Structures are given as structure tokens and as C-alpha cells.
>>> print(open('target-v8.pdb').read())   # PDB, C-alpha atoms and all ligand atoms
ATOM      1  CA  MET I 185      34.060  49.024  57.422
ATOM      2  CA  ASN I 186      35.860  52.155  58.489
ATOM      3  CA  CYS I 187      35.008  54.914  56.005
ATOM      4  CA  CYS I 188      38.377  56.604  56.451
ATOM      5  CA  GLU I 189      40.396  53.495  55.624
ATOM      6  CA  GLU I 190      38.655  53.366  52.268
ATOM      7  CA  SER I 191      39.392  56.965  51.417
ATOM      8  CA  SER I 192      42.900  56.354  50.072
ATOM      9  CA  LYS I 193      41.497  53.966  47.489
ATOM     10  CA  VAL I 194      38.735  56.366  46.520
ATOM     11  CA  LYS I 195      41.208  59.217  46.171
ATOM     12  CA  MET I 196      42.724  57.401  43.203
ATOM     13  CA  GLN I 197      39.517  58.100  41.311
ATOM     14  CA  LEU I 198      39.574  61.794  42.101
ATOM     15  CA  VAL I 199      41.137  62.992  38.859
ATOM     16  CA  GLY I 200      40.625  61.820  35.314
ATOM     17  CA  ALA I 201      39.656  63.926  32.325
ATOM     18  CA  HIS I 202      36.354  62.164  31.614
ATOM     19  CA  HIS I 203      35.347  62.545  35.266
ATOM     20  CA  GLY I 204      35.724  66.322  35.331
ATOM     21  CA  CYS I 205      32.822  68.311  36.746
ATOM     22  CA  GLN I 206      30.133  69.101  34.155
ATOM     23  CA  SER I 207      30.322  72.754  35.125
ATOM     24  CA  CYS I 208      33.988  73.516  35.949
ATOM     25  CA  ASP I 209      35.790  70.414  34.596
ATOM     26  CA  GLY I 210      37.527  70.157  37.985
ATOM     27  CA  PRO I 211      38.374  66.999  39.960
ATOM     28  CA  SER I 212      35.550  64.869  41.328
ATOM     29  CA  ARG I 213      34.901  61.635  43.171
ATOM     30  CA  PRO I 214      31.952  59.232  43.105
ATOM     31  CA  VAL I 215      29.267  59.578  45.770
ATOM     32  CA  THR I 216      26.660  57.086  46.861
ATOM     33  CA  LEU I 217      22.950  57.739  46.578
ATOM     34  CA  ARG I 218      22.760  57.371  50.364
ATOM     35  CA  THR I 219      25.227  60.223  50.954
ATOM     36  CA  MET I 220      23.297  62.420  48.520
ATOM     37  CA  LEU I 221      19.914  61.771  50.132
ATOM     38  CA  LEU I 222      21.374  62.590  53.543
ATOM     39  CA  MET I 223      22.614  65.960  52.199
ATOM     40  CA  LEU I 224      20.028  67.160  49.685
ATOM     41  CA  LYS I 225      16.915  69.074  50.647
ATOM     42  CA  PRO I 226      13.941  66.697  50.423
ATOM     43  CA  GLU I 227      12.281  68.653  47.609
ATOM     44  CA  PHE I 228      15.069  67.427  45.279
ATOM     45  CA  PHE I 229      14.779  63.702  46.070
ATOM     46  CA  ASP I 230      12.443  63.110  43.110
ATOM     47  CA  GLN I 231      14.941  64.713  40.725
ATOM     48  CA  VAL I 232      17.915  62.516  41.585
ATOM     49  CA  GLY I 233      16.884  59.604  39.329
ATOM     50  CA  GLU I 234      18.970  56.537  38.599
ATOM     51  CA  ASN I 235      22.194  58.203  37.522
ATOM     52  CA  GLN I 236      25.615  57.727  39.085
ATOM     53  CA  TYR I 237      26.645  61.028  40.644
ATOM     54  CA  ARG I 238      30.034  62.513  41.476
ATOM     55  CA  PHE I 239      31.075  65.170  43.981
ATOM     56  CA  CYS I 240      32.824  68.249  42.526
ATOM     57  CA  ALA I 241      35.866  69.110  44.681
ATOM     58  CA  SER I 242      36.593  72.584  43.226
ATOM     59  CA  PRO I 243      36.325  75.357  45.845
ATOM     60  CA  GLU I 244      35.253  77.895  43.204
ATOM     61  CA  CYS I 245      32.461  75.813  41.643
ATOM     62  CA  PRO I 246      28.911  75.975  43.074
ATOM     63  CA  VAL I 247      28.094  72.479  41.777
ATOM     64  CA  VAL I 248      28.222  69.825  44.500
ATOM     65  CA  TYR I 249      26.797  66.699  42.806
ATOM     66  CA  PHE I 250      26.567  66.055  39.097
ATOM     67  CA  SER I 251      25.659  63.282  36.715
ATOM     68  CA  ARG I 252      25.285  63.242  32.962
ATOM     69  CA  ALA I 253      21.677  64.321  33.371
ATOM     70  CA  ARG I 254      21.490  66.662  36.341
ATOM     71  CA  SER I 255      23.533  68.661  38.818
ATOM     72  CA  PHE I 256      22.870  69.967  42.333
ATOM     73  CA  SER I 257      24.496  73.108  43.762
ATOM     74  CA  THR I 258      25.399  74.285  47.266
ATOM     75  CA  GLY I 259      21.937  75.826  47.826
ATOM     76  CA  ASP I 260      20.253  72.472  47.149
ATOM     77  CA  LEU I 261      21.894  70.885  50.206
ATOM     78  CA  ARG I 262      20.850  70.946  53.852
ATOM     79  CA  VAL I 263      24.479  71.251  54.970
ATOM     80  CA  ARG I 264      27.200  73.783  54.216
ATOM     81  CA  VAL I 265      29.962  72.378  52.040
ATOM     82  CA  GLY I 266      33.032  73.792  53.842
ATOM     83  CA  LEU I 267      35.261  73.414  50.805
ATOM     84  CA  LYS I 268      33.003  75.764  48.820
ATOM     85  CA  GLU I 269      32.195  78.302  51.559
ATOM     86  CA  LYS I 270      33.870  81.677  52.001
ATOM     87  CA  ASP I 271      31.995  82.921  55.095
ATOM     88  CA  GLY I 272      32.101  81.314  58.518
ATOM     89  CA  PRO I 273      31.256  79.086  60.198
ATOM     90  CA  ILE I 274      33.122  76.877  57.740
ATOM     91  CA  PRO I 275      32.916  73.193  58.630
ATOM     92  CA  LEU I 276      36.228  71.320  58.431
ATOM     93  CA  CYS I 277      35.245  67.982  59.933
ATOM     94  CA  TYR I 278      31.623  66.907  59.631
ATOM     95  CA  CYS I 279      31.799  63.898  61.958
ATOM     96  CA  PHE I 280      33.088  65.755  65.025
ATOM     97  CA  GLY I 281      32.179  69.355  64.247
ATOM     98  CA  PHE I 282      35.612  70.982  64.087
ATOM     99  CA  SER I 283      35.387  74.281  62.203
ATOM    100  CA  GLU I 284      37.910  76.422  60.373
ATOM    101  CA  GLU I 285      37.333  79.104  63.026
ATOM    102  CA  ALA I 286      38.314  76.719  65.849
ATOM    103  CA  ALA I 287      41.520  75.772  64.001
ATOM    104  CA  ARG I 288      42.342  79.440  63.312
ATOM    105  CA  GLU I 289      41.848  80.359  66.980
ATOM    106  CA  GLU I 290      44.198  77.596  68.149
ATOM    107  CA  ILE I 291      46.802  78.647  65.581
ATOM    108  CA  GLN I 292      46.568  82.284  66.596
ATOM    109  CA  SER I 293      47.060  81.541  70.292
ATOM    110  CA  ASN I 294      49.491  78.569  70.092
ATOM    111  CA  GLY I 295      51.027  78.766  66.616
ATOM    112  CA  HIS I 296      49.642  75.314  65.835
ATOM    113  CA  THR I 297      46.522  73.199  66.161
ATOM    114  CA  ALA I 298      46.041  69.610  67.266
ATOM    115  CA  ILE I 299      42.737  69.261  65.421
ATOM    116  CA  PRO I 300      44.122  66.942  62.657
ATOM    117  CA  GLN I 301      45.698  64.681  65.315
ATOM    118  CA  ARG I 302      42.497  64.652  67.330
ATOM    119  CA  ILE I 303      40.518  63.662  64.229
ATOM    120  CA  ALA I 304      43.115  60.997  63.334
ATOM    121  CA  GLU I 305      42.791  59.564  66.825
ATOM    122  CA  LEU I 306      38.989  59.411  66.592
ATOM    123  CA  ILE I 307      39.337  57.719  63.181
ATOM    124  CA  ARG I 308      41.634  55.099  64.741
ATOM    125  CA  GLU I 309      38.966  54.486  67.356
ATOM    126  CA  ARG I 310      36.528  53.935  64.458
ATOM    127  CA  MET I 311      34.296  56.780  65.563
ATOM    128  CA  CYS I 312      34.031  58.530  62.177
ATOM    129  CA  ALA I 313      30.982  58.481  59.916
ATOM    130  CA  CYS I 314      32.093  60.379  56.823
ATOM    131  CA  ASP I 315      29.795  58.474  54.469
ATOM    132  CA  VAL I 316      26.779  59.918  56.259
ATOM    133  CA  ARG I 317      28.222  63.188  57.580
ATOM    134  CA  ASN I 318      30.539  64.578  54.920
ATOM    135  CA  PRO I 319      28.853  65.850  51.718
ATOM    136  CA  SER I 320      31.727  64.337  49.704
ATOM    137  CA  GLY I 321      31.147  60.980  51.390
ATOM    138  CA  ALA I 322      34.910  60.723  51.977
ATOM    139  CA  CYS I 323      37.182  61.195  54.954
ATOM    140  CA  CYS I 324      37.807  64.848  55.794
ATOM    141  CA  LEU I 325      41.341  64.381  57.125
ATOM    142  CA  GLY I 326      43.149  65.264  53.875
ATOM    143  CA  GLU I 327      41.127  68.461  53.528
ATOM    144  CA  VAL I 328      41.581  69.325  57.206
ATOM    145  CA  THR I 329      45.354  68.925  56.944
ATOM    146  CA  GLN I 330      45.437  71.185  53.889
ATOM    147  CA  ALA I 331      43.236  73.802  55.546
ATOM    148  CA  VAL I 332      45.466  73.825  58.640
ATOM    149  CA  LYS I 333      48.577  74.351  56.472
ATOM    150  CA  ARG I 334      46.845  77.278  54.758
ATOM    151  CA  LEU I 335      45.738  78.785  58.111
ATOM    152  CA  ILE I 336      49.287  78.558  59.507
ATOM    153  CA  MET I 337      50.601  80.348  56.388
ATOM    154  CA  GLU I 338      47.919  83.036  56.762
ATOM    155  CA  ALA I 339      48.777  83.554  60.433
ATOM    156  CA  LYS I 340      52.445  84.309  59.688
TER     157      LYS I 340
HETATM  158 ZN    ZN I 401      32.556  71.859  39.551
END
>>> encode(input="target-v8.pdb", output="C-alpha cells")
Amino acid sequence: MNCCEESSKVKMQLVGAHHGCQSCDGPSRPVTLRTMLLMLKPEFFDQVGENQYRFCASPECPVVYFSRARSFSTGDLRVRVGLKEKDGPIPLCYCFGFSEEAAREEIQSNGHTAIPQRIAELIRERMCACDVRNPSGACCLGEVTQAVKRLIMEAK
């Protein structure tokens, strides 16, 4: 299965009042236990338990994973959650390592960046591994496209 082909289906579950983050009530999406264990620091593995967790997608909220019983914040992860970071290097694409800084540099020198197209191409070649690389477990392309739009606005 290609993780990025699934992402459109998963996106449907992003909003929904009863699925709001425990801390900020913002939008969230379900994450697998596998994704969580690949992201969390090992000292938290024993605290995960049997609950179904969701990923909080709010940039302002420090909570990354939450269930009814427990939540984990940015500091509990081994990776930086780009969406929730303010200081560089801010990861945009976890599979191929494109950063916000790389996109900004391209925009500043060329007025645009081909990073989203390059990622889309790699996805078509089935090279992506978002379920094990991206803390949200989902494809980064939507977020990358949004970030690029914001960077182009900022550069004007
Ligand atoms: Zn939240």
C-alpha cells in the first residue's frame, strides 16, 4: 500500500467535534501504535497502554498524541514535529528531508520552489514512507503545499 494514496481518505476524519484534541480542541487524526513507537522516546513506551491515540494538528498546541487516558507532547518525541516548531530547522517532509529553510531559500532566489512537485514525483514512484517517518503518520504533501504558499506570501 502506498501511504500517500490513503491520506485523502484519512483526511476525512481530521475534523469532528468529538475528536478534538484533549488540550486545545483542535483538529486531529488517528495514528497507529507503530507510528507512535517510532516517534516517542523509549522511556514513554510503557505509558502508551492500549488506548487509541490521535495526532493533534494544531500548530499552537504542544500536544502531539492524545487518548482519553494520556497525552504526549513535543518534548516526548525523538523527532521535531515541523507543524509545531517555530525555530529552524523545521522539517517539511520527513521521508525525503526537505526543510522549510530549503523551500524558503529556493523561493528567495527563484520566486518559487519545486519541492512539492519533487515530493509528488517521489510519491508516484512509491518511495514515500510517511507511516514510519512522519509523526502524524500521514502524507506530508498537503502540509508542504500550504507551507510553500505561506513562504511565497512572506517573501513578497
Ligand atoms: Zn492540541
>>> closest_residue(input="target-v8.pdb", among="I:Pro319, I:Ser293, I:Glu285, I:Met311", to="Tyr249 (chain I)", atoms="only C-alpha atoms")
I:Pro319
>>> residues_near_ligand(input="target-v8.pdb", ligand="ligand ZN 401 (chain I)", cutoff="12 Å", atoms="only C-alpha atoms and all ligand atoms", output="PyMOL selection string")
chain I and resi 203-213+238-251+255-258+267-268
>>> atom_distance(input="target-v8.pdb", atom1="CA of Leu325 (chain I)", atom2="CA of Leu276 (chain I)")
8.7 Å
>>> resolve_selection(input="target-v8.pdb", expression="the PyMOL selection byres (((chain I and resi 304) around 12) and not hetatm)", output="list in words")
Cys188, Glu189, Cys277, Cys279, Phe280, Ala298, Ile299, Pro300, Gln301, Arg302, Ile303, Glu305, Leu306, Ile307, Arg308, Glu309, Arg310, Met311, Cys312, Cys323, Cys324, Leu325, Gly326, Val328 and Thr329 of chain I
>>> resolve_selection(input="target-v8.pdb", expression="the PyMOL selection byres (((chain I and resi 318) around 10) and not hetatm)", output="ChimeraX atom specification")
/I:219-220,222-223,263-266,275-279,313-317,319-324
>>> write_last_selection(input="target-v8.pdb", atoms="C-alpha atoms", output="short mmCIF file (atom, residue, chain, number, x, y, z; two decimals), in the coordinates of the input")
data_model
loop_
_atom_site.label_atom_id
_atom_site.label_comp_id
_atom_site.auth_asym_id
_atom_site.auth_seq_id
_atom_site.Cartn_x
_atom_site.Cartn_y
_atom_site.Cartn_z
CA THR I 219 25.23 60.22 50.95
CA MET I 220 23.30 62.42 48.52
CA LEU I 222 21.37 62.59 53.54
CA MET I 223 22.61 65.96 52.20
CA VAL I 263 24.48 71.25 54.97
CA ARG I 264 27.20 73.78 54.22
CA VAL I 265 29.96 72.38 52.04
CA GLY I 266 33.03 73.79 53.84
CA PRO I 275 32.92 73.19 58.63
CA LEU I 276 36.23 71.32 58.43
CA CYS I 277 35.24 67.98 59.93
CA TYR I 278 31.62 66.91 59.63
CA CYS I 279 31.80 63.90 61.96
CA ALA I 313 30.98 58.48 59.92
CA CYS I 314 32.09 60.38 56.82
CA ASP I 315 29.80 58.47 54.47
CA VAL I 316 26.78 59.92 56.26
CA ARG I 317 28.22 63.19 57.58
CA PRO I 319 28.85 65.85 51.72
CA SER I 320 31.73 64.34 49.70
CA GLY I 321 31.15 60.98 51.39
CA ALA I 322 34.91 60.72 51.98
CA CYS I 323 37.18 61.20 54.95
CA CYS I 324 37.81 64.85 55.79
#
>>> resolve_selection(input="target-v8.pdb", expression="the PyMOL selection byres (((chain I and resi 231) around 12) and not hetatm)", output="PDB file with C-alpha atoms, in the frame of the given file")
ATOM      1  CA  MET I 220      23.297  62.420  48.520  1.00  0.00           C
ATOM      2  CA  LEU I 221      19.914  61.771  50.132  1.00  0.00           C
ATOM      3  CA  LEU I 224      20.028  67.160  49.685  1.00  0.00           C
ATOM      4  CA  LYS I 225      16.915  69.074  50.647  1.00  0.00           C
ATOM      5  CA  PRO I 226      13.941  66.697  50.423  1.00  0.00           C
ATOM      6  CA  GLU I 227      12.281  68.653  47.609  1.00  0.00           C
ATOM      7  CA  PHE I 228      15.069  67.427  45.279  1.00  0.00           C
ATOM      8  CA  PHE I 229      14.779  63.702  46.070  1.00  0.00           C
ATOM      9  CA  ASP I 230      12.443  63.110  43.110  1.00  0.00           C
ATOM     10  CA  VAL I 232      17.915  62.516  41.585  1.00  0.00           C
ATOM     11  CA  GLY I 233      16.884  59.604  39.329  1.00  0.00           C
ATOM     12  CA  GLU I 234      18.970  56.537  38.599  1.00  0.00           C
ATOM     13  CA  ASN I 235      22.194  58.203  37.522  1.00  0.00           C
ATOM     14  CA  PHE I 250      26.567  66.055  39.097  1.00  0.00           C
ATOM     15  CA  SER I 251      25.659  63.282  36.715  1.00  0.00           C
ATOM     16  CA  ALA I 253      21.677  64.321  33.371  1.00  0.00           C
ATOM     17  CA  ARG I 254      21.490  66.662  36.341  1.00  0.00           C
ATOM     18  CA  SER I 255      23.533  68.661  38.818  1.00  0.00           C
ATOM     19  CA  PHE I 256      22.870  69.967  42.333  1.00  0.00           C
ATOM     20  CA  ASP I 260      20.253  72.472  47.149  1.00  0.00           C
TER      21      ASP I 260
END
>>> residues_near_point(input="target-v8.pdb", point="(48.6, 80.5, 64.2)", cutoff="10 Å", atoms="all atoms listed in the file", output="JSON list (two decimals) with C-alpha atoms, in the frame of the given file")
[["chain", "number", "residue", "atom", "x", "y", "z"],
["I", 287, "ALA", "CA", 41.52, 75.77, 64.00],
["I", 288, "ARG", "CA", 42.34, 79.44, 63.31],
["I", 289, "GLU", "CA", 41.85, 80.36, 66.98],
["I", 290, "GLU", "CA", 44.20, 77.60, 68.15],
["I", 291, "ILE", "CA", 46.80, 78.65, 65.58],
["I", 292, "GLN", "CA", 46.57, 82.28, 66.60],
["I", 293, "SER", "CA", 47.06, 81.54, 70.29],
["I", 294, "ASN", "CA", 49.49, 78.57, 70.09],
["I", 295, "GLY", "CA", 51.03, 78.77, 66.62],
["I", 296, "HIS", "CA", 49.64, 75.31, 65.83],
["I", 297, "THR", "CA", 46.52, 73.20, 66.16],
["I", 332, "VAL", "CA", 45.47, 73.82, 58.64],
["I", 333, "LYS", "CA", 48.58, 74.35, 56.47],
["I", 335, "LEU", "CA", 45.74, 78.78, 58.11],
["I", 336, "ILE", "CA", 49.29, 78.56, 59.51],
["I", 337, "MET", "CA", 50.60, 80.35, 56.39],
["I", 338, "GLU", "CA", 47.92, 83.04, 56.76],
["I", 339, "ALA", "CA", 48.78, 83.55, 60.43],
["I", 340, "LYS", "CA", 52.44, 84.31, 59.69]]
>>> atom_distance(input="target-v8.pdb", atom1="CA of Thr216 (chain I)", atom2="CA of Ala286 (chain I)")
29.7 Å
>>> decode(input="target-v8.pdb", residues="region 265-297 of chain I", atoms="C-alpha atoms", output="PDB file, in the first residue's frame")
ATOM      1  CA  VAL I 265       7.176  17.988  14.701  1.00  0.00           C
ATOM      2  CA  GLY I 266       7.595  20.646  11.974  1.00  0.00           C
ATOM      3  CA  LEU I 267       3.994  21.787  12.226  1.00  0.00           C
ATOM      4  CA  LYS I 268       4.524  22.748  15.881  1.00  0.00           C
ATOM      5  CA  GLU I 269       8.045  24.208  15.629  1.00  0.00           C
ATOM      6  CA  LYS I 270       8.892  27.901  15.430  1.00  0.00           C
ATOM      7  CA  ASP I 271      12.705  27.672  15.215  1.00  0.00           C
ATOM      8  CA  GLY I 272      14.651  26.064  12.398  1.00  0.00           C
ATOM      9  CA  PRO I 273      15.481  23.586  11.107  1.00  0.00           C
ATOM     10  CA  ILE I 274      11.779  22.938  10.575  1.00  0.00           C
ATOM     11  CA  PRO I 275      11.104  19.645   8.815  1.00  0.00           C
ATOM     12  CA  LEU I 276       8.556  19.844   5.989  1.00  0.00           C
ATOM     13  CA  CYS I 277       8.876  16.372   4.500  1.00  0.00           C
ATOM     14  CA  TYR I 278      10.022  13.571   6.782  1.00  0.00           C
ATOM     15  CA  CYS I 279      10.532  10.918   4.098  1.00  0.00           C
ATOM     16  CA  PHE I 280      12.990  12.888   1.955  1.00  0.00           C
ATOM     17  CA  GLY I 281      14.274  15.510   4.379  1.00  0.00           C
ATOM     18  CA  PHE I 282      13.086  18.718   2.720  1.00  0.00           C
ATOM     19  CA  SER I 283      13.057  21.549   5.263  1.00  0.00           C
ATOM     20  CA  GLU I 284      11.240  24.859   5.467  1.00  0.00           C
ATOM     21  CA  GLU I 285      14.637  26.571   5.165  1.00  0.00           C
ATOM     22  CA  ALA I 286      15.375  24.825   1.843  1.00  0.00           C
ATOM     23  CA  ALA I 287      11.977  25.898   0.468  1.00  0.00           C
ATOM     24  CA  ARG I 288      12.494  29.488   1.674  1.00  0.00           C
ATOM     25  CA  GLU I 289      15.931  29.666   0.033  1.00  0.00           C
ATOM     26  CA  GLU I 290      14.562  28.480  -3.320  1.00  0.00           C
ATOM     27  CA  ILE I 291      11.702  30.981  -3.102  1.00  0.00           C
ATOM     28  CA  GLN I 292      14.047  33.829  -2.259  1.00  0.00           C
ATOM     29  CA  SER I 293      16.353  33.128  -5.198  1.00  0.00           C
ATOM     30  CA  ASN I 294      13.806  31.933  -7.819  1.00  0.00           C
ATOM     31  CA  GLY I 295      10.441  33.231  -6.607  1.00  0.00           C
ATOM     32  CA  HIS I 296       9.159  29.658  -6.421  1.00  0.00           C
ATOM     33  CA  THR I 297      10.125  26.190  -5.258  1.00  0.00           C
TER      34      THR I 297
END
